[in-house]
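Reviewing the structure listed below.
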Amino acid sequence: MGLRKIFTDKDPALHKVCRPVTKFDRRLHNLLDDMKETLADAAGVGLAAPQVGILRRVVVVDTGEEILELVNPVILETSGEQEGQEGCLSVPGKYGIVKRPMNVKVRAQDRNGNWFEAEGEELIARCFCHELDHLDGILYTEKMERFLTDEELEAQD
Ligand code: ZN
């Protein structure tokens, strides 16, 4: 167990397509444990494996009730639309306006390889989309309308 270094958008790891997980072994479990610890330490909502330099399809999401471990996740369904503020632990200090679906249903494997489904709305739906994009090397900055201005950020403090 331990904290992992969070890579920034300057690092090539953030721009690559990640490979599926095929071995549900101790190494995967260590990665998931470290990612959960790193997410909690950074006070984030979600973290994807490429953000800690591992090019595998692994994501953790803090729903507020539990920390979901999503291995090889895919989006099954989306509905509605929301436009709002989004940030990323790999793009520190910045926030952008991004359009996302309001509801998202995903299918993923757990740390032992069992498939399950999870649904999220609002912030969690946004987080599912954001983190799954990471697995394809896509950052929110490529999808946003614009960054928030310093004045807008200050008004929120
Ligand atoms: Zn991110």
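Ordered as shown in the structure tokens, chains take letters A, B, and onward, while each chain numbers its residues from 1 and ligands are numbered from 1 in the order shown.
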
Can you tell me which residues come within 12 Å of ligand 1 when counting only C-alpha atoms and all ligand atoms, ideally as a PDB file with N, CA and C atoms, in the first residue's frame?
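What ended up in pocket_24.pdb:
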ATOM      1  N   ILE A   6       0.861  11.461  -8.886  1.00  0.00           N
ATOM      2  CA  ILE A   6      -0.136  11.793  -9.909  1.00  0.00           C
ATOM      3  C   ILE A   6       0.554  12.531 -11.052  1.00  0.00           C
ATOM      4  N   PHE A   7       0.478  11.955 -12.246  1.00  0.00           N
ATOM      5  CA  PHE A   7       1.075  12.553 -13.436  1.00  0.00           C
ATOM      6  C   PHE A   7       0.206  13.705 -13.936  1.00  0.00           C
ATOM      7  N   THR A   8       0.838  14.676 -14.590  1.00  0.00           N
ATOM      8  CA  THR A   8       0.078  15.797 -15.142  1.00  0.00           C
ATOM      9  C   THR A   8      -0.085  15.618 -16.647  1.00  0.00           C
ATOM     10  N   ASP A   9      -0.894  16.517 -17.232  1.00  0.00           N
ATOM     11  CA  ASP A   9      -1.209  16.414 -18.657  1.00  0.00           C
ATOM     12  C   ASP A   9       0.013  16.614 -19.554  1.00  0.00           C
ATOM     13  N   LEU A  14      -0.757  10.277 -20.075  1.00  0.00           N
ATOM     14  CA  LEU A  14      -2.130  10.807 -20.036  1.00  0.00           C
ATOM     15  C   LEU A  14      -2.770  10.864 -21.416  1.00  0.00           C
ATOM     16  N   HIS A  15      -1.992  10.580 -22.449  1.00  0.00           N
ATOM     17  CA  HIS A  15      -2.491  10.736 -23.819  1.00  0.00           C
ATOM     18  C   HIS A  15      -2.498   9.421 -24.596  1.00  0.00           C
ATOM     19  N   LEU A  39      -6.393   8.783  -4.231  1.00  0.00           N
ATOM     20  CA  LEU A  39      -7.595   9.585  -4.476  1.00  0.00           C
ATOM     21  C   LEU A  39      -8.029  10.293  -3.193  1.00  0.00           C
ATOM     22  N   GLY A  44      -9.963  13.912  -4.285  1.00  0.00           N
ATOM     23  CA  GLY A  44     -10.615  13.938  -5.591  1.00  0.00           C
ATOM     24  C   GLY A  44     -11.873  13.088  -5.596  1.00  0.00           C
ATOM     25  N   VAL A  45     -12.588  13.111  -6.725  1.00  0.00           N
ATOM     26  CA  VAL A  45     -13.802  12.299  -6.885  1.00  0.00           C
ATOM     27  C   VAL A  45     -13.489  11.018  -7.654  1.00  0.00           C
ATOM     28  N   GLY A  46     -12.559  11.119  -8.600  1.00  0.00           N
ATOM     29  CA  GLY A  46     -12.200   9.940  -9.383  1.00  0.00           C
ATOM     30  C   GLY A  46     -10.743   9.960  -9.778  1.00  0.00           C
ATOM     31  N   LEU A  47     -10.222   8.756 -10.049  1.00  0.00           N
ATOM     32  CA  LEU A  47      -8.828   8.642 -10.477  1.00  0.00           C
ATOM     33  C   LEU A  47      -8.727   7.463 -11.452  1.00  0.00           C
ATOM     34  N   ALA A  48      -8.003   7.657 -12.537  1.00  0.00           N
ATOM     35  CA  ALA A  48      -7.808   6.607 -13.541  1.00  0.00           C
ATOM     36  C   ALA A  48      -6.349   6.168 -13.516  1.00  0.00           C
ATOM     37  N   ALA A  49      -6.119   4.880 -13.817  1.00  0.00           N
ATOM     38  CA  ALA A  49      -4.769   4.314 -13.720  1.00  0.00           C
ATOM     39  C   ALA A  49      -3.703   5.101 -14.507  1.00  0.00           C
ATOM     40  N   PRO A  50      -4.004   5.608 -15.717  1.00  0.00           N
ATOM     41  CA  PRO A  50      -2.961   6.362 -16.427  1.00  0.00           C
ATOM     42  C   PRO A  50      -2.508   7.607 -15.657  1.00  0.00           C
ATOM     43  N   GLN A  51      -3.354   8.106 -14.756  1.00  0.00           N
ATOM     44  CA  GLN A  51      -2.960   9.273 -13.952  1.00  0.00           C
ATOM     45  C   GLN A  51      -1.858   8.933 -12.956  1.00  0.00           C
ATOM     46  N   VAL A  52      -1.684   7.632 -12.664  1.00  0.00           N
ATOM     47  CA  VAL A  52      -0.552   7.215 -11.832  1.00  0.00           C
ATOM     48  C   VAL A  52       0.458   6.441 -12.684  1.00  0.00           C
ATOM     49  N   VAL A  59     -10.240   2.266 -12.961  1.00  0.00           N
ATOM     50  CA  VAL A  59     -10.716   3.557 -12.473  1.00  0.00           C
ATOM     51  C   VAL A  59     -11.256   3.379 -11.053  1.00  0.00           C
ATOM     52  N   VAL A  60     -11.063   4.372 -10.193  1.00  0.00           N
ATOM     53  CA  VAL A  60     -11.769   4.401  -8.910  1.00  0.00           C
ATOM     54  C   VAL A  60     -12.583   5.687  -8.832  1.00  0.00           C
ATOM     55  N   VAL A  61     -13.809   5.570  -8.281  1.00  0.00           N
ATOM     56  CA  VAL A  61     -14.718   6.711  -8.175  1.00  0.00           C
ATOM     57  C   VAL A  61     -15.295   6.746  -6.762  1.00  0.00           C
ATOM     58  N   GLU A  86     -15.783  21.371 -14.378  1.00  0.00           N
ATOM     59  CA  GLU A  86     -15.059  20.112 -14.251  1.00  0.00           C
ATOM     60  C   GLU A  86     -13.579  20.395 -14.051  1.00  0.00           C
ATOM     61  N   GLY A  87     -12.952  19.600 -13.191  1.00  0.00           N
ATOM     62  CA  GLY A  87     -11.516  19.722 -12.962  1.00  0.00           C
ATOM     63  C   GLY A  87     -10.876  18.356 -13.030  1.00  0.00           C
ATOM     64  N   CYS A  88      -9.557  18.312 -12.921  1.00  0.00           N
ATOM     65  CA  CYS A  88      -8.835  17.043 -13.040  1.00  0.00           C
ATOM     66  C   CYS A  88      -7.575  17.128 -12.179  1.00  0.00           C
ATOM     67  N   LEU A  89      -7.289  16.066 -11.441  1.00  0.00           N
ATOM     68  CA  LEU A  89      -6.091  16.050 -10.598  1.00  0.00           C
ATOM     69  C   LEU A  89      -4.819  16.170 -11.439  1.00  0.00           C
ATOM     70  N   SER A  90      -4.915  15.847 -12.733  1.00  0.00           N
ATOM     71  CA  SER A  90      -3.753  15.942 -13.624  1.00  0.00           C
ATOM     72  C   SER A  90      -3.646  17.309 -14.303  1.00  0.00           C
ATOM     73  N   VAL A  91      -4.638  18.170 -14.072  1.00  0.00           N
ATOM     74  CA  VAL A  91      -4.612  19.546 -14.601  1.00  0.00           C
ATOM     75  C   VAL A  91      -4.834  20.479 -13.407  1.00  0.00           C
ATOM     76  N   PRO A  92      -3.847  20.549 -12.499  1.00  0.00           N
ATOM     77  CA  PRO A  92      -4.059  21.217 -11.215  1.00  0.00           C
ATOM     78  C   PRO A  92      -4.356  22.704 -11.347  1.00  0.00           C
ATOM     79  N   LYS A  94      -6.951  24.284 -12.388  1.00  0.00           N
ATOM     80  CA  LYS A  94      -7.798  24.796 -13.468  1.00  0.00           C
ATOM     81  C   LYS A  94      -9.146  24.084 -13.470  1.00  0.00           C
ATOM     82  N   TYR A  95     -10.149  24.784 -13.995  1.00  0.00           N
ATOM     83  CA  TYR A  95     -11.481  24.210 -14.141  1.00  0.00           C
ATOM     84  C   TYR A  95     -12.058  24.672 -15.469  1.00  0.00           C
ATOM     85  N   GLY A  96     -12.827  23.775 -16.104  1.00  0.00           N
ATOM     86  CA  GLY A  96     -13.441  24.141 -17.374  1.00  0.00           C
ATOM     87  C   GLY A  96     -14.926  23.849 -17.368  1.00  0.00           C
ATOM     88  N   ARG A 126     -20.889  12.618 -14.422  1.00  0.00           N
ATOM     89  CA  ARG A 126     -19.798  13.420 -14.988  1.00  0.00           C
ATOM     90  C   ARG A 126     -18.457  12.726 -14.739  1.00  0.00           C
ATOM     91  N   CYS A 127     -18.299  12.205 -13.529  1.00  0.00           N
ATOM     92  CA  CYS A 127     -17.047  11.553 -13.148  1.00  0.00           C
ATOM     93  C   CYS A 127     -16.830  10.259 -13.956  1.00  0.00           C
ATOM     94  N   PHE A 128     -17.885   9.457 -14.126  1.00  0.00           N
ATOM     95  CA  PHE A 128     -17.763   8.245 -14.949  1.00  0.00           C
ATOM     96  C   PHE A 128     -17.232   8.607 -16.341  1.00  0.00           C
ATOM     97  N   CYS A 129     -17.840   9.609 -16.970  1.00  0.00           N
ATOM     98  CA  CYS A 129     -17.433  10.006 -18.327  1.00  0.00           C
ATOM     99  C   CYS A 129     -15.991  10.498 -18.341  1.00  0.00           C
ATOM    100  N   HIS A 130     -15.663  11.341 -17.369  1.00  0.00           N
ATOM    101  CA  HIS A 130     -14.318  11.937 -17.281  1.00  0.00           C
ATOM    102  C   HIS A 130     -13.253  10.845 -17.105  1.00  0.00           C
ATOM    103  N   GLU A 131     -13.501   9.916 -16.167  1.00  0.00           N
ATOM    104  CA  GLU A 131     -12.491   8.886 -15.865  1.00  0.00           C
ATOM    105  C   GLU A 131     -12.368   7.881 -17.012  1.00  0.00           C
ATOM    106  N   LEU A 132     -13.500   7.513 -17.634  1.00  0.00           N
ATOM    107  CA  LEU A 132     -13.424   6.575 -18.756  1.00  0.00           C
ATOM    108  C   LEU A 132     -12.717   7.202 -19.954  1.00  0.00           C
ATOM    109  N   ASP A 133     -12.891   8.512 -20.132  1.00  0.00           N
ATOM    110  CA  ASP A 133     -12.143   9.222 -21.183  1.00  0.00           C
ATOM    111  C   ASP A 133     -10.634   9.077 -20.972  1.00  0.00           C
ATOM    112  N   HIS A 134     -10.201   9.138 -19.688  1.00  0.00           N
ATOM    113  CA  HIS A 134      -8.770   8.984 -19.387  1.00  0.00           C
ATOM    114  C   HIS A 134      -8.227   7.679 -19.964  1.00  0.00           C
ATOM    115  N   LEU A 135      -9.047   6.628 -19.949  1.00  0.00           N
ATOM    116  CA  LEU A 135      -8.583   5.311 -20.412  1.00  0.00           C
ATOM    117  C   LEU A 135      -8.345   5.297 -21.916  1.00  0.00           C
ATOM    118  N   ASP A 136      -8.927   6.291 -22.602  1.00  0.00           N
ATOM    119  CA  ASP A 136      -8.686   6.429 -24.042  1.00  0.00           C
ATOM    120  C   ASP A 136      -7.754   7.596 -24.345  1.00  0.00           C
ATOM    121  N   GLY A 137      -7.080   8.085 -23.307  1.00  0.00           N
ATOM    122  CA  GLY A 137      -6.101   9.155 -23.497  1.00  0.00           C
ATOM    123  C   GLY A 137      -6.703  10.519 -23.735  1.00  0.00           C
ATOM    124  N   ILE A 138      -7.990  10.682 -23.334  1.00  0.00           N
ATOM    125  CA  ILE A 138      -8.686  11.949 -23.595  1.00  0.00           C
ATOM    126  C   ILE A 138      -8.839  12.739 -22.297  1.00  0.00           C
ATOM    127  N   LEU A 139      -8.448  13.998 -22.331  1.00  0.00           N
ATOM    128  CA  LEU A 139      -8.608  14.879 -21.175  1.00  0.00           C
ATOM    129  C   LEU A 139      -9.805  15.802 -21.394  1.00  0.00           C
ATOM    130  N   TYR A 140     -10.416  16.245 -20.264  1.00  0.00           N
ATOM    131  CA  TYR A 140     -11.595  17.116 -20.387  1.00  0.00           C
ATOM    132  C   TYR A 140     -11.280  18.404 -21.134  1.00  0.00           C
ATOM    133  N   THR A 141      -9.993  18.810 -21.079  1.00  0.00           N
ATOM    134  CA  THR A 141      -9.610  20.064 -21.737  1.00  0.00           C
ATOM    135  C   THR A 141      -9.794  19.978 -23.256  1.00  0.00           C
ATOM    136  N   GLU A 142      -9.884  18.742 -23.777  1.00  0.00           N
ATOM    137  CA  GLU A 142     -10.111  18.569 -25.212  1.00  0.00           C
ATOM    138  C   GLU A 142     -11.597  18.659 -25.553  1.00  0.00           C
TER     139      GLU A 142
END

Identify, on the basis of only C-alpha atoms, every residue whose closest approach to Glu81 in chain A does not exceed 8 Å; exclude the query and any residue fewer than 6 positions from it along the same chain; express the result as a PDB file with N, CA and C atoms, in the first residue's frame.
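The result, stored in selection32.pdb:
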ATOM      1  N   LYS A  99     -19.841  19.860 -21.202  1.00  0.00           N
ATOM      2  CA  LYS A  99     -21.168  19.267 -21.346  1.00  0.00           C
ATOM      3  C   LYS A  99     -21.045  17.755 -21.183  1.00  0.00           C
ATOM      4  N   ARG A 100     -21.872  17.170 -20.345  1.00  0.00           N
ATOM      5  CA  ARG A 100     -21.866  15.715 -20.109  1.00  0.00           C
ATOM      6  C   ARG A 100     -23.310  15.231 -19.975  1.00  0.00           C
ATOM      7  N   PRO A 101     -23.543  13.909 -20.118  1.00  0.00           N
ATOM      8  CA  PRO A 101     -24.882  13.392 -19.832  1.00  0.00           C
ATOM      9  C   PRO A 101     -25.235  13.523 -18.341  1.00  0.00           C
ATOM     10  N   MET A 102     -26.531  13.610 -18.037  1.00  0.00           N
ATOM     11  CA  MET A 102     -26.982  13.745 -16.643  1.00  0.00           C
ATOM     12  C   MET A 102     -26.980  12.397 -15.928  1.00  0.00           C
ATOM     13  N   ASN A 103     -27.267  11.319 -16.699  1.00  0.00           N
ATOM     14  CA  ASN A 103     -27.297   9.972 -16.118  1.00  0.00           C
ATOM     15  C   ASN A 103     -26.421   9.046 -16.955  1.00  0.00           C
TER      16      ASN A 103
END

Residue list (strand (DSSP E or B), DSSP) for range 11-154 of chain A, as a PDB file with C-alpha atoms, in the first residue's frame:
ATOM      1  CA  ARG A  19      -4.979  -1.840 -22.385  1.00  0.00           C
ATOM      2  CA  GLY A  46     -12.200   9.940  -9.383  1.00  0.00           C
ATOM      3  CA  LEU A  47      -8.828   8.642 -10.477  1.00  0.00           C
ATOM      4  CA  ALA A  48      -7.808   6.607 -13.541  1.00  0.00           C
ATOM      5  CA  ARG A  56      -4.464  -0.254 -17.866  1.00  0.00           C
ATOM      6  CA  VAL A  58      -8.753   0.760 -14.172  1.00  0.00           C
ATOM      7  CA  VAL A  59     -10.716   3.557 -12.473  1.00  0.00           C
ATOM      8  CA  VAL A  60     -11.769   4.401  -8.910  1.00  0.00           C
ATOM      9  CA  VAL A  61     -14.718   6.711  -8.175  1.00  0.00           C
ATOM     10  CA  ASP A  62     -15.785   8.092  -4.792  1.00  0.00           C
ATOM     11  CA  ILE A  67     -15.363   3.933  -3.473  1.00  0.00           C
ATOM     12  CA  LEU A  68     -16.236   2.070  -6.667  1.00  0.00           C
ATOM     13  CA  GLU A  69     -13.512  -0.009  -8.293  1.00  0.00           C
ATOM     14  CA  LEU A  70     -14.131  -0.184 -12.037  1.00  0.00           C
ATOM     15  CA  VAL A  71     -11.963  -2.571 -14.039  1.00  0.00           C
ATOM     16  CA  ASN A  72     -12.396  -2.621 -17.845  1.00  0.00           C
ATOM     17  CA  PRO A  73     -15.412  -0.255 -17.558  1.00  0.00           C
ATOM     18  CA  VAL A  74     -17.708   0.545 -20.482  1.00  0.00           C
ATOM     19  CA  ILE A  75     -20.613   2.975 -20.751  1.00  0.00           C
ATOM     20  CA  LEU A  76     -23.871   1.102 -21.354  1.00  0.00           C
ATOM     21  CA  GLU A  77     -26.374   3.952 -21.426  1.00  0.00           C
ATOM     22  CA  THR A  78     -26.527   7.702 -21.062  1.00  0.00           C
ATOM     23  CA  SER A  79     -29.443  10.104 -20.824  1.00  0.00           C
ATOM     24  CA  GLN A  82     -25.682  18.800 -17.953  1.00  0.00           C
ATOM     25  CA  GLU A  83     -23.281  21.650 -18.467  1.00  0.00           C
ATOM     26  CA  GLY A  84     -20.990  22.484 -15.608  1.00  0.00           C
ATOM     27  CA  GLN A  85     -17.632  22.863 -14.013  1.00  0.00           C
ATOM     28  CA  GLU A  86     -15.059  20.112 -14.251  1.00  0.00           C
ATOM     29  CA  GLY A  96     -13.441  24.141 -17.374  1.00  0.00           C
ATOM     30  CA  ILE A  97     -17.046  24.147 -18.535  1.00  0.00           C
ATOM     31  CA  VAL A  98     -17.920  20.741 -20.022  1.00  0.00           C
ATOM     32  CA  LYS A  99     -21.168  19.267 -21.346  1.00  0.00           C
ATOM     33  CA  ARG A 100     -21.866  15.715 -20.109  1.00  0.00           C
ATOM     34  CA  ASN A 103     -27.297   9.972 -16.118  1.00  0.00           C
ATOM     35  CA  VAL A 104     -24.738   7.306 -16.959  1.00  0.00           C
ATOM     36  CA  LYS A 105     -24.870   3.545 -16.531  1.00  0.00           C
ATOM     37  CA  VAL A 106     -21.577   1.637 -16.661  1.00  0.00           C
ATOM     38  CA  ARG A 107     -20.621  -2.021 -16.723  1.00  0.00           C
ATOM     39  CA  ALA A 108     -17.309  -3.070 -15.203  1.00  0.00           C
ATOM     40  CA  GLN A 109     -15.437  -5.886 -13.533  1.00  0.00           C
ATOM     41  CA  TRP A 115     -19.020  -8.101 -13.909  1.00  0.00           C
ATOM     42  CA  PHE A 116     -21.437  -5.618 -12.315  1.00  0.00           C
ATOM     43  CA  GLU A 117     -23.351  -2.487 -13.281  1.00  0.00           C
ATOM     44  CA  ALA A 118     -23.338   0.922 -11.614  1.00  0.00           C
ATOM     45  CA  GLU A 119     -25.415   4.027 -12.217  1.00  0.00           C
ATOM     46  CA  GLY A 120     -24.572   7.620 -11.512  1.00  0.00           C
ATOM     47  CA  GLU A 121     -26.235  10.994 -11.899  1.00  0.00           C
ATOM     48  CA  ARG A 146     -13.558  27.099 -22.090  1.00  0.00           C
ATOM     49  CA  PHE A 147     -11.582  27.377 -18.857  1.00  0.00           C
TER      50      PHE A 147
END
